[in-house]
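What follows is structure23.txt (compact mmCIF, C-alpha atoms).
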# COMPACT_ATOMS: atom_id res chain seq x y z
CA MET O 24 15.85 13.18 -5.40
CA PRO O 25 12.17 14.07 -5.62
CA TYR O 26 11.45 16.34 -8.51
CA ILE O 27 8.55 18.42 -9.70
CA CYS O 28 7.56 18.88 -13.30
CA ILE O 29 5.37 21.88 -14.03
CA TYR O 30 3.13 21.87 -17.04
CA ASN O 31 1.37 25.19 -17.52
CA THR O 32 -0.67 26.78 -20.30
CA LEU O 33 -0.37 30.54 -20.62
CA LYS O 34 -2.62 32.87 -22.52
CA TYR O 35 -1.00 35.03 -25.14
CA GLY O 36 -1.89 38.38 -26.62
CA ASP O 37 -3.17 41.29 -24.54
CA ASP O 38 -3.12 39.35 -21.26
CA MET O 39 0.56 38.33 -21.53
CA LYS O 40 1.86 40.92 -19.05
CA LYS O 41 -0.81 40.08 -16.54
CA ASP O 42 -0.02 36.34 -16.74
CA ILE O 43 3.70 36.93 -16.31
CA ALA O 44 3.07 39.10 -13.26
CA ILE O 45 0.88 36.40 -11.69
CA LEU O 46 3.44 33.73 -12.53
CA PHE O 47 6.30 35.53 -10.82
CA THR O 48 4.10 36.39 -7.80
CA ASN O 49 3.42 32.65 -7.41
CA ILE O 50 7.12 31.90 -7.77
CA VAL O 51 8.05 34.25 -4.94
CA ALA O 52 5.34 32.78 -2.70
CA MET O 53 6.47 29.20 -3.32
CA ILE O 54 10.12 30.05 -2.62
CA CYS O 55 9.14 31.72 0.66
CA ILE O 56 7.12 28.67 1.72
CA ALA O 57 9.98 26.31 0.84
CA VAL O 58 12.52 28.37 2.80
CA MET O 59 10.20 28.46 5.83
CA ILE O 60 9.83 24.67 5.72
CA MET O 61 13.57 24.15 5.54
CA ASN O 62 14.40 26.64 8.30
CA LEU O 63 11.54 26.09 10.76
CA VAL O 64 11.26 22.28 10.51
CA PRO O 65 14.70 21.10 9.39
CA ASN O 66 14.52 17.74 11.14
CA ILE O 67 10.95 16.70 10.43
CA SER O 68 12.21 14.24 7.84
CA GLU O 69 14.63 13.77 5.04
CA GLU O 70 11.74 13.66 2.61
CA ILE O 71 10.40 17.14 3.52
CA GLY O 72 13.88 18.62 3.16
CA LEU O 73 14.22 17.06 -0.24
CA PHE O 74 10.73 18.19 -1.22
CA SER O 75 11.54 21.77 -0.26
CA GLN O 76 14.78 21.64 -2.17
CA GLY O 77 12.88 20.28 -5.16
CA VAL O 78 10.39 23.16 -4.99
CA ILE O 79 13.20 25.73 -4.98
CA THR O 80 14.88 23.98 -7.88
CA ALA O 81 11.67 23.79 -9.83
CA PHE O 82 11.05 27.52 -9.42
CA SER O 83 14.63 28.68 -9.87
CA PRO O 84 15.23 31.33 -12.58
CA GLN O 85 17.02 28.77 -14.77
CA ARG O 86 14.11 26.31 -14.48
CA ILE O 87 11.50 29.06 -15.07
CA ILE O 88 13.30 30.26 -18.16
CA CYS O 89 13.48 26.68 -19.42
CA ASN O 90 9.78 26.09 -18.81
CA PHE O 91 8.75 29.44 -20.26
CA THR O 92 10.88 28.83 -23.35
CA ASP O 93 9.32 25.42 -23.82
CA ILE O 94 5.84 26.92 -23.55
CA SER O 95 6.67 29.74 -25.96
CA ASN O 96 8.08 27.32 -28.50
CA THR O 97 4.84 25.35 -28.41
CA LYS O 98 2.53 28.39 -28.48
CA GLU O 99 0.56 27.24 -31.49
CA GLU O 100 0.04 23.73 -30.07
CA ASN O 101 -1.19 25.04 -26.70
CA THR O 102 -3.48 27.80 -28.00
CA GLU O 103 -6.31 25.33 -28.49
CA ASN O 104 -5.93 24.13 -24.89
CA ASN O 105 -5.53 27.47 -23.17
CA ASN O 106 -8.22 26.67 -20.60
CA ASN O 107 -6.14 23.87 -18.99
CA THR O 108 -5.13 24.32 -15.34
CA ALA O 109 -1.56 23.92 -14.07
CA THR O 110 -0.63 20.32 -13.23
CA GLU O 111 2.11 19.15 -10.85
CA VAL O 112 3.63 15.67 -10.99
CA MET O 113 5.86 14.64 -8.07
CA LYS O 114 8.09 11.57 -7.99
CA SER O 115 10.39 10.45 -5.19
CA SER O 116 13.24 7.97 -5.15
CA SER O 117 13.03 4.82 -3.07
CA SER O 118 14.11 5.21 0.56
CA ARG O 119 14.81 1.50 1.03
CA ILE O 120 17.95 0.80 3.02
CA THR O 121 20.37 -1.67 1.47
CA GLY O 122 22.95 -3.77 3.23
CA LYS O 123 25.70 -1.30 2.37
CA ASP O 124 24.03 1.82 3.78
CA SER O 125 25.81 3.21 6.83
CA ASP O 126 22.52 4.06 8.59
CA LEU O 127 21.80 0.37 8.96
CA TYR O 128 24.93 -0.14 11.05
CA SER O 129 25.19 3.16 12.94
CA ASP O 130 23.47 1.82 16.08
CA ILE O 131 23.80 -1.91 15.52
CA LYS O 132 26.06 -2.38 18.58
CA LYS O 133 24.08 -0.05 20.84
CA THR O 134 22.22 -1.60 23.74
CA PRO O 135 18.52 -0.69 23.41
CA GLU O 136 17.36 1.69 26.14
CA ASP O 137 14.77 -0.68 27.59
CA ILE O 138 17.34 -3.46 27.91
CA ALA O 139 19.92 -1.08 29.39
CA LYS O 140 17.39 -0.20 32.10
CA LEU O 141 16.74 -3.87 32.87
CA MET O 142 20.51 -4.40 33.19
CA THR O 143 20.88 -1.41 35.49
CA ASP O 144 18.09 -2.70 37.73
CA ALA O 145 19.66 -6.17 37.81
CA GLU O 146 23.05 -4.75 38.83
CA LYS O 147 21.45 -3.25 41.94
CA THR O 148 20.29 -6.63 43.26
CA ILE O 149 22.59 -9.36 41.90
CA LYS O 150 25.27 -8.98 44.61
CA ASN O 151 22.71 -9.85 47.27
CA GLU O 152 21.48 -12.98 45.49
CA GLU O 153 22.63 -16.54 46.03
CA VAL O 154 24.79 -17.99 43.22
CA LYS O 155 23.26 -21.10 41.67
CA GLY O 156 25.91 -21.99 39.09
CA LYS O 157 28.60 -20.73 36.77
CA THR O 158 28.38 -19.75 33.12
CA SER O 159 30.98 -20.77 30.56
CA GLU O 160 31.78 -19.56 27.04
CA GLU O 161 33.45 -22.83 26.07
CA ASP O 162 32.67 -24.46 22.72
CA TYR O 163 29.99 -27.12 22.83
CA PHE O 164 29.33 -29.92 20.37
CA GLY O 165 26.27 -32.06 20.94
CA GLY O 166 27.36 -35.19 19.08
CA GLY O 167 26.86 -36.44 15.56
CA THR O 168 29.23 -36.02 12.61
CA LEU O 169 30.76 -32.68 11.73
CA VAL O 170 30.67 -32.03 7.98
CA SER O 171 32.26 -28.86 6.64
CA PHE O 172 33.03 -27.02 3.41
CA ASN O 173 34.65 -23.61 3.10
CA GLY O 174 33.78 -22.61 6.65
CA VAL O 175 30.19 -23.86 6.44
CA GLU O 176 29.60 -26.54 9.06
CA ILE O 177 26.83 -29.07 9.67
CA GLN O 178 26.42 -31.18 12.78
CA SER O 179 24.73 -34.16 11.20
CA LYS O 180 22.75 -36.74 13.12
CA ILE O 181 21.42 -38.31 9.93
CA PRO O 182 23.35 -41.45 8.89
CA GLU O 183 25.18 -41.34 5.55
CA SER O 184 23.38 -44.52 4.58
CA PHE O 185 20.20 -42.42 4.39
CA TYR O 186 21.61 -39.14 3.06
CA LYS O 187 25.19 -38.20 2.20
CA LEU O 188 25.76 -34.50 2.67
CA ASN O 189 27.47 -32.58 -0.12
CA ILE O 190 27.57 -28.97 1.09
CA GLU O 191 29.37 -27.68 -2.00
CA GLU O 192 26.75 -29.08 -4.36
CA LEU O 193 23.82 -27.94 -2.21
CA LEU O 194 25.20 -24.39 -2.14
CA LYS O 195 25.49 -24.40 -5.93
CA GLN O 196 21.85 -25.49 -6.31
CA LYS O 197 20.63 -22.57 -4.16
CA ALA O 198 17.23 -22.28 -2.52
CA ASP O 199 13.90 -22.57 -4.30
CA LEU O 200 12.99 -18.95 -3.71
CA THR O 201 11.99 -15.93 -5.80
CA ILE O 202 10.73 -12.78 -4.09
CA GLN O 203 8.83 -10.60 -6.53
CA ASP O 204 8.30 -7.64 -4.20
CA ILE O 205 10.19 -7.54 -0.91
CA SER O 206 7.94 -4.78 0.43
CA GLN O 207 5.01 -7.21 0.54
CA PRO O 208 4.74 -9.53 3.57
CA THR O 209 7.61 -11.90 2.79
CA ILE O 210 8.95 -13.13 6.14
CA LEU O 211 7.05 -14.48 9.13
CA VAL O 212 8.87 -14.45 12.48
CA TYR O 213 7.26 -16.38 15.34
CA HIS O 214 8.20 -18.17 18.56
CA SER O 215 6.91 -21.63 19.40
CA HIS O 216 8.60 -21.38 22.81
CA THR O 217 7.69 -17.75 23.29
CA THR O 218 8.47 -17.50 27.01
CA GLU O 219 12.08 -18.65 26.77
CA SER O 220 14.25 -15.92 28.28
CA TYR O 221 17.83 -14.90 29.06
CA THR O 222 19.99 -13.69 31.89
CA LEU O 223 20.54 -9.94 32.01
CA LEU O 224 24.16 -9.61 33.15
CA ASP O 225 27.40 -11.12 31.92
CA ALA O 226 28.57 -11.93 35.43
CA GLY O 227 30.14 -15.36 34.93
CA TYR O 228 27.43 -16.94 37.07
CA TYR O 229 23.66 -17.01 37.50
CA THR O 230 21.61 -16.75 40.67
CA GLU O 231 18.56 -18.31 42.26
CA SER O 232 16.40 -15.48 40.97
CA PHE O 233 17.30 -16.30 37.37
CA ASP O 234 14.05 -16.95 35.49
CA LEU O 235 14.30 -19.44 32.64
CA ARG O 236 10.95 -18.29 31.27
CA SER O 237 8.98 -15.09 31.23
CA ASP O 238 5.52 -14.02 30.07
CA ASP O 239 6.88 -10.49 29.70
CA ASN O 240 7.48 -9.86 25.99
CA ASP O 241 10.10 -7.26 26.91
CA LYS O 242 12.27 -10.06 28.33
CA ASN O 243 11.50 -13.20 26.31
CA MET O 244 11.90 -14.34 22.69
CA VAL O 245 9.51 -11.70 21.40
CA ARG O 246 12.04 -9.02 22.36
CA VAL O 247 14.72 -10.76 20.29
CA GLY O 248 12.26 -11.14 17.42
CA ASP O 249 11.56 -7.41 17.61
CA GLU O 250 15.20 -6.66 16.78
CA LEU O 251 15.27 -9.19 13.94
CA CYS O 252 12.11 -7.75 12.41
CA ALA O 253 13.14 -4.12 12.84
CA TYR O 254 16.37 -4.58 10.90
CA LEU O 255 14.75 -6.60 8.14
CA GLU O 256 12.15 -3.86 7.81
CA LYS O 257 14.92 -1.25 7.64
CA MET O 258 16.21 -3.14 4.62
CA GLY O 259 12.83 -2.86 2.93
CA PHE O 260 11.31 -6.28 3.70
CA GLY O 261 7.69 -6.83 4.60
CA VAL O 262 7.82 -8.74 7.89
CA ILE O 263 5.05 -10.21 10.04
CA HIS O 264 5.91 -10.77 13.72
CA ASP O 265 3.67 -13.19 15.55
CA THR O 266 4.00 -12.25 19.24
CA ALA O 267 1.42 -14.68 20.59
CA ILE O 268 2.50 -16.91 23.48
CA HIS O 269 2.42 -20.48 22.18
CA ASP O 270 3.95 -22.40 25.09
CA GLU O 271 1.45 -21.89 27.88
CA ASN O 272 0.96 -25.62 27.32
CA TYR O 273 4.58 -26.53 26.61
CA THR O 274 3.86 -29.88 24.96
CA GLY O 275 1.34 -28.23 22.65
CA ALA O 276 3.60 -25.33 21.62
CA TYR O 277 4.30 -26.48 18.06
CA ALA O 278 0.65 -27.30 17.42
CA SER O 279 -0.26 -23.82 18.60
CA SER O 280 2.33 -22.06 16.47
CA ARG O 281 1.42 -24.21 13.47
CA LYS O 282 -2.13 -22.93 13.65
CA SER O 283 -0.87 -19.34 13.61
CA ILE O 284 1.53 -20.03 10.72
CA GLU O 285 -1.25 -21.44 8.57
CA GLU O 286 -3.52 -18.49 9.35
CA TYR O 287 -0.79 -16.05 8.32
CA LEU O 288 0.04 -17.98 5.15
CA GLU O 289 -3.61 -17.90 4.16
CA LYS O 290 -3.94 -14.19 4.91
CA TYR O 291 -0.60 -13.25 3.30
CA PRO O 292 0.14 -15.64 0.42
CA SER O 293 3.26 -13.61 -0.40
CA ILE O 294 5.04 -15.04 2.67
CA GLU O 295 7.92 -17.25 1.51
CA ILE O 296 10.03 -17.54 4.66
CA THR O 297 9.10 -18.54 8.20
CA ILE O 298 11.56 -18.29 11.09
CA ASP O 299 10.88 -19.86 14.48
CA VAL O 300 13.17 -17.95 16.87
CA HIS O 301 14.20 -19.77 20.07
CA ARG O 302 17.09 -19.94 22.48
CA ASP O 303 18.95 -23.09 23.52
CA ASP O 304 19.66 -24.52 26.98
CA ILE O 305 22.98 -26.24 27.63
CA THR O 306 23.38 -27.12 31.31
CA TYR O 307 25.91 -29.62 32.71
CA ASP O 308 25.31 -31.89 35.67
CA ASN O 309 27.40 -29.56 37.87
CA LYS O 310 24.89 -26.78 37.02
CA THR O 311 27.32 -24.89 34.80
CA LYS O 312 25.49 -23.30 31.90
CA VAL O 313 27.19 -22.87 28.52
CA LYS O 314 26.71 -19.53 26.77
CA PRO O 315 28.01 -19.83 23.18
CA THR O 316 29.58 -16.44 22.51
CA ALA O 317 31.36 -14.67 19.68
CA THR O 318 32.90 -11.21 19.66
CA ILE O 319 31.77 -9.24 16.61
CA ASP O 320 33.26 -5.79 16.11
CA GLY O 321 34.29 -5.59 19.76
CA LYS O 322 30.91 -6.57 21.28
CA LYS O 323 29.82 -9.94 22.60
CA ALA O 324 27.11 -11.69 20.61
CA ALA O 325 25.21 -14.90 21.28
CA ARG O 326 26.23 -17.57 18.81
CA MET O 327 23.31 -18.94 16.80
CA MET O 328 22.32 -22.31 15.41
CA ILE O 329 19.98 -23.13 12.54
CA ILE O 330 18.06 -26.40 12.79
CA ALA O 331 17.31 -28.23 9.54
CA GLY O 332 15.28 -31.42 9.55
CA ALA O 333 14.76 -34.47 7.37
CA GLU O 334 12.04 -37.03 6.80
CA TYR O 335 13.88 -39.77 8.66
CA GLY O 336 13.12 -42.01 11.60
CA ARG O 337 10.17 -40.58 13.54
CA VAL O 338 9.60 -37.73 11.10
CA GLU O 339 6.82 -38.19 8.56
CA ASN O 340 5.07 -36.05 5.91
CA TYR O 341 8.07 -33.84 5.21
CA PRO O 342 8.91 -34.65 1.56
CA ASP O 343 10.43 -31.23 0.70
CA TRP O 344 12.97 -31.15 3.53
CA GLU O 345 15.98 -30.93 1.16
CA TYR O 346 14.72 -27.54 -0.11
CA ASN O 347 14.78 -26.27 3.47
CA LEU O 348 18.29 -27.62 3.91
CA LYS O 349 19.48 -25.71 0.82
CA PHE O 350 18.04 -22.48 2.18
CA ALA O 351 19.58 -23.08 5.62
CA LEU O 352 22.98 -23.63 3.99
CA ALA O 353 22.67 -20.46 1.90
CA ILE O 354 21.98 -18.47 5.08
CA GLN O 355 24.73 -20.19 7.05
CA ASN O 356 27.19 -19.43 4.28
CA LYS O 357 26.24 -15.75 4.11
CA VAL O 358 26.27 -15.15 7.87
CA SER O 359 29.59 -16.98 8.25
CA GLU O 360 31.17 -14.89 5.51
CA LYS O 361 29.91 -11.64 7.00
CA TYR O 362 30.36 -12.41 10.71
CA GLU O 363 33.00 -15.06 11.30
CA GLY O 364 32.29 -17.26 14.29
CA LEU O 365 28.73 -16.07 14.86
CA MET O 366 27.11 -19.32 13.73
CA ARG O 367 27.31 -22.69 15.39
CA PRO O 368 27.12 -25.64 12.97
CA ILE O 369 23.69 -26.31 11.48
CA LEU O 370 21.96 -29.09 13.41
CA PHE O 371 20.75 -31.58 10.78
CA SER O 372 18.58 -34.24 12.39
CA GLU O 373 15.23 -36.00 12.38
CA ARG O 374 13.18 -32.91 13.18
CA LYS O 375 10.30 -31.12 11.50
CA TYR O 376 9.22 -28.30 13.84
CA ASN O 377 6.68 -26.85 11.36
CA MET O 378 9.42 -26.39 8.77
CA ASP O 379 7.25 -28.27 6.31
CA GLU O 380 4.95 -25.23 6.02
CA THR O 381 7.18 -23.64 3.34
CA ARG O 382 10.31 -24.67 1.49
CA ASN O 383 12.18 -21.80 3.13
CA SER O 384 11.35 -22.31 6.79
CA PHE O 385 13.86 -22.89 9.56
CA LEU O 386 14.29 -22.80 13.32
CA LEU O 387 16.88 -20.40 14.74
CA GLU O 388 18.40 -20.86 18.20
CA VAL O 389 19.80 -17.52 19.40
CA GLY O 390 22.29 -18.33 22.15
CA THR O 391 21.22 -20.06 25.35
CA ASP O 392 19.56 -18.97 28.57
CA ALA O 393 23.03 -18.12 29.91
CA ASN O 394 23.61 -15.50 27.24
CA THR O 395 22.39 -12.02 28.05
CA LEU O 396 19.33 -10.49 26.45
CA ASP O 397 21.60 -7.77 25.06
CA GLU O 398 23.88 -10.35 23.42
CA ALA O 399 20.87 -12.13 21.90
CA CYS O 400 19.37 -8.93 20.51
CA TYR O 401 22.74 -7.91 19.03
CA SER O 402 22.93 -11.29 17.29
CA ALA O 403 19.41 -10.86 15.93
CA ARG O 404 20.41 -7.54 14.37
CA LEU O 405 23.54 -9.04 12.84
CA PHE O 406 21.60 -12.01 11.51
CA ALA O 407 19.01 -9.71 9.95
CA THR O 408 21.62 -7.74 8.02
CA ALA O 409 23.17 -10.91 6.61
CA LEU O 410 19.83 -12.50 5.74
CA GLY O 411 18.60 -9.28 4.17
CA GLU O 412 21.69 -8.97 2.01
CA LEU O 413 21.40 -12.58 0.89
CA LEU O 414 17.78 -12.13 -0.12
CA GLN O 415 18.44 -8.82 -1.89
CA GLU O 416 21.43 -10.18 -3.79
CA GLU O 417 20.29 -13.68 -4.67
CA TYR O 418 16.53 -14.06 -4.46
CA ALA O 419 14.75 -10.71 -4.87
CA GLU O 420 13.68 -9.69 -8.35
CA LYS O 421 15.52 -6.53 -9.37

Can the structure in the file be given as structure tokens, please?
Amino acid sequence: MPYICIYNTLKYGDDMKKDIAILFTNIVAMICIAVMIMNLVPNISEEIGLFSQGVITAFSPQRIICNFTDISNTKEENTENNNNTATEVMKSSSSRITGKDSDLYSDIKKTPEDIAKLMTDAEKTIKNEEVKGKTSEEDYFGGGTLVSFNGVEIQSKIPESFYKLNIEELLKQKADLTIQDISQPTILVYHSHTTESYTLLDAGYYTESFDLRSDDNDKNMVRVGDELCAYLEKMGFGVIHDTAIHDENYTGAYASSRKSIEEYLEKYPSIEITIDVHRDDITYDNKTKVKPTATIDGKKAARMMIIAGAEYGRVENYPDWEYNLKFALAIQNKVSEKYEGLMRPILFSERKYNMDETRNSFLLEVGTDANTLDEACYSARLFATALGELLQEEYAEK
């Protein structure tokens, strides 16, 4: 609750009656203003309502009597300073949303209006389009060794002779991360393959008009990143969203995004976490596309996969990769606890993908091209709430 402390110095002696009259005239005026604010603009913001309430409280008879008594009791001390003007000091409580606040979840399942319009437009034309292939929600495992502990799974393509995974121990060690002030730029979200896009309708098939890529940021990975950033910001985190298109030259995409990352890290040294948000593509020879899907609270969501790399095989100059793996596991554990089935196993392989830029960088695949944009954006919101809670609980200084 915001509150107002009034410190006033009154003159005493012959002018006492005059001062009291002026004081109560001011009181009446302030109460009238506060009531007008509350009645005429009740929805302007929660803060104005609280401010008005604070003004009324400050000038209530009980508060006035308390203040006047305090001043009277210190008459001798204030006589020497009777030329001082009245001073107001206002303080307000933090409005940061935490993971437990209901406002964070009130619209989390709602389809954004812009996406709903895209879906409506697509429904008008899809029946007249030629079917190119089916979509399937079947489980998909892309090879390697499945390592699991307590519901946390890793799809490892790194041989045990090089590195033997111990998920339990890595979770105990935690990430190398301390966030001193979450309101400062802390998280960088970007998209190396910016133009990757999704289908719009959950029809069980896709058509010839289906566009695997789009320069329209309302339809590609930037739109998914928008949802991720918005929910992290709701939880009080300073987030930078790089919306530049990095894959105009597809083979140079990671070099392009790396340049942007380094510019942001130099400009905002408080950034600790970088997230490269993509979508996957799983297409069989018969043209069936797999759309990894989970149902969370009655709504379909695109299953997600974190990629964690290692300095192995072709990968060089990535000495801190195990720190990134610890952070990836901490996130995987939190999301899996909060939203069962939402995460695919972490892909642990000989990759770097600019994850060497910080010890808490990772690549996030949000569904595949066969998932809908709505499903992907829902997953981004869910992921943000879990990541935000993890950072608040484990890594942010209290």

Please provide the set of residues having any atom within 8 Å of range 301-316 of chain O, restricted to only C-alpha atoms, with same-chain residues fewer than 2 positions apart removed, written as a PyMOL selection string. chain O and resi 155-163+214-217+219-220+244+299+318+323-327+365+386-394

Kindly export the residues of the current selection with C-alpha atoms, as a CSV table (one decimal), keeping the file's coordinate frame.
chain,number,residue,atom,x,y,z
O,155,LYS,CA,23.3,-21.1,41.7
O,156,GLY,CA,25.9,-22.0,39.1
O,157,LYS,CA,28.6,-20.7,36.8
O,158,THR,CA,28.4,-19.8,33.1
O,159,SER,CA,31.0,-20.8,30.6
O,160,GLU,CA,31.8,-19.6,27.0
O,161,GLU,CA,33.4,-22.8,26.1
O,162,ASP,CA,32.7,-24.5,22.7
O,163,TYR,CA,30.0,-27.1,22.8
O,214,HIS,CA,8.2,-18.2,18.6
O,215,SER,CA,6.9,-21.6,19.4
O,216,HIS,CA,8.6,-21.4,22.8
O,217,THR,CA,7.7,-17.8,23.3
O,219,GLU,CA,12.1,-18.6,26.8
O,220,SER,CA,14.2,-15.9,28.3
O,244,MET,CA,11.9,-14.3,22.7
O,299,ASP,CA,10.9,-19.9,14.5
O,318,THR,CA,32.9,-11.2,19.7
O,323,LYS,CA,29.8,-9.9,22.6
O,324,ALA,CA,27.1,-11.7,20.6
O,325,ALA,CA,25.2,-14.9,21.3
O,326,ARG,CA,26.2,-17.6,18.8
O,327,MET,CA,23.3,-18.9,16.8
O,365,LEU,CA,28.7,-16.1,14.9
O,386,LEU,CA,14.3,-22.8,13.3
O,387,LEU,CA,16.9,-20.4,14.7
O,388,GLU,CA,18.4,-20.9,18.2
O,389,VAL,CA,19.8,-17.5,19.4
O,390,GLY,CA,22.3,-18.3,22.2
O,391,THR,CA,21.2,-20.1,25.4
O,392,ASP,CA,19.6,-19.0,28.6
O,393,ALA,CA,23.0,-18.1,29.9
O,394,ASN,CA,23.6,-15.5,27.2

What's around Glu289 in chain O at 12 Å? Count all atoms listed in the file, leave out sequence neighbours fewer than 6 positions away in its own chain, and write the answer as a count of residues only. 5

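Distance annotation: of O:Ile329, O:Val338, O:Ile268, O:Ile177, the residue with the minimal separation from Arg374 in chain O is O:Val338; atom set is all atoms listed in the file.
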
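Between CA of Thr201 in chain O and CA of Asn377 in chain O the interatomic distance comes to 21.0 Å.
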
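Between Gly167 in chain O and the residues O:Thr134, O:Leu396, O:Phe371, O:Ala403, the shortest atom-to-atom distance, using all atoms listed in the file, involves O:Phe371.
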
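For the pair CA of Ser402 in chain O and CA of Leu169 in chain O, the interatomic distance is 23.4 Å.
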
Nearest to Ser171 in chain O, restricted to all atoms listed in the file and choosing among O:Glu250, O:Gln355, O:Asp239, O:Tyr128, comes out as O:Gln355

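Minimum atom-to-atom distance to Glu183 in chain O, evaluated using all atoms listed in the file, belongs to O:Val170 out of O:Val170, O:Leu251, O:Leu224, O:Val358.
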
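CA of Leu370 in chain O lies 15.4 Å from CA of Tyr346 in chain O.
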
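In this comparison, which uses only C-alpha atoms, the residue of O:Phe164, O:Tyr291, O:Tyr273, O:Phe260 approaching Gln415 in chain O most closely is O:Phe260.
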
Taking all atoms listed in the file into account, produce a table as a tab-separated table in which each residue of range 321-402 of chain O with an atom at most 12 Å from an atom of range 135-150 of chain O appears once, together with its shortest atom pair and the distance in Å to one decimal, ordered by chain and rising number.
residue	atom	partner	partner_atom	distance
O:Thr395	CA	O:Met142	CA	9.4
O:Leu396	CA	O:Ile138	CA	7.5
O:Asp397	CA	O:Ile138	CA	6.7
O:Glu398	CA	O:Ile138	CA	10.5
O:Ala399	CA	O:Ile138	CA	11.1
O:Cys400	CA	O:Pro135	CA	8.8
O:Tyr401	CA	O:Pro135	CA	9.4

Would you list the residues near (15.8, -22.1, 3.7), meaning any protein, DNA or RNA residue with an atom at most 6 Å from that point in file coordinates, counting all atoms listed in the file, as a PDB file with C-alpha atoms, keeping the file's coordinate frame?
ATOM      1  CA  ASN O 347      14.780 -26.270   3.470  1.00  0.00           C
ATOM      2  CA  LYS O 349      19.480 -25.710   0.820  1.00  0.00           C
ATOM      3  CA  PHE O 350      18.040 -22.480   2.180  1.00  0.00           C
ATOM      4  CA  ALA O 351      19.580 -23.080   5.620  1.00  0.00           C
ATOM      5  CA  ASN O 383      12.180 -21.800   3.130  1.00  0.00           C
ATOM      6  CA  SER O 384      11.350 -22.310   6.790  1.00  0.00           C
TER       7      SER O 384
END

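Using only C-alpha atoms, the smallest distance between any of O:Asn340, O:Ser206, O:Thr218, O:Asn243 and Ile263 in chain O comes from O:Ser206.
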
As a ChimeraX atom specification, please: the residues near range 179-182 of chain O (cut-off 12 Å, all atoms listed in the file, same-chain neighbours under 3 positions excluded). /O:164-171,176,185-190,330-336,338,348,368-374

Contacts of Ala407 in chain O within 7 Å, all atoms listed in the file, excl. fewer than 3 positions in-chain, as a PDB file with C-alpha atoms, in the frame of the given file:
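Printed below is around_23.pdb as written:
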ATOM      1  CA  LEU O 251      15.270  -9.190  13.940  1.00  0.00           C
ATOM      2  CA  TYR O 254      16.370  -4.580  10.900  1.00  0.00           C
ATOM      3  CA  LEU O 255      14.750  -6.600   8.140  1.00  0.00           C
ATOM      4  CA  ALA O 403      19.410 -10.860  15.930  1.00  0.00           C
ATOM      5  CA  ARG O 404      20.410  -7.540  14.370  1.00  0.00           C
ATOM      6  CA  LEU O 410      19.830 -12.500   5.740  1.00  0.00           C
ATOM      7  CA  GLY O 411      18.600  -9.280   4.170  1.00  0.00           C
TER       8      GLY O 411
END
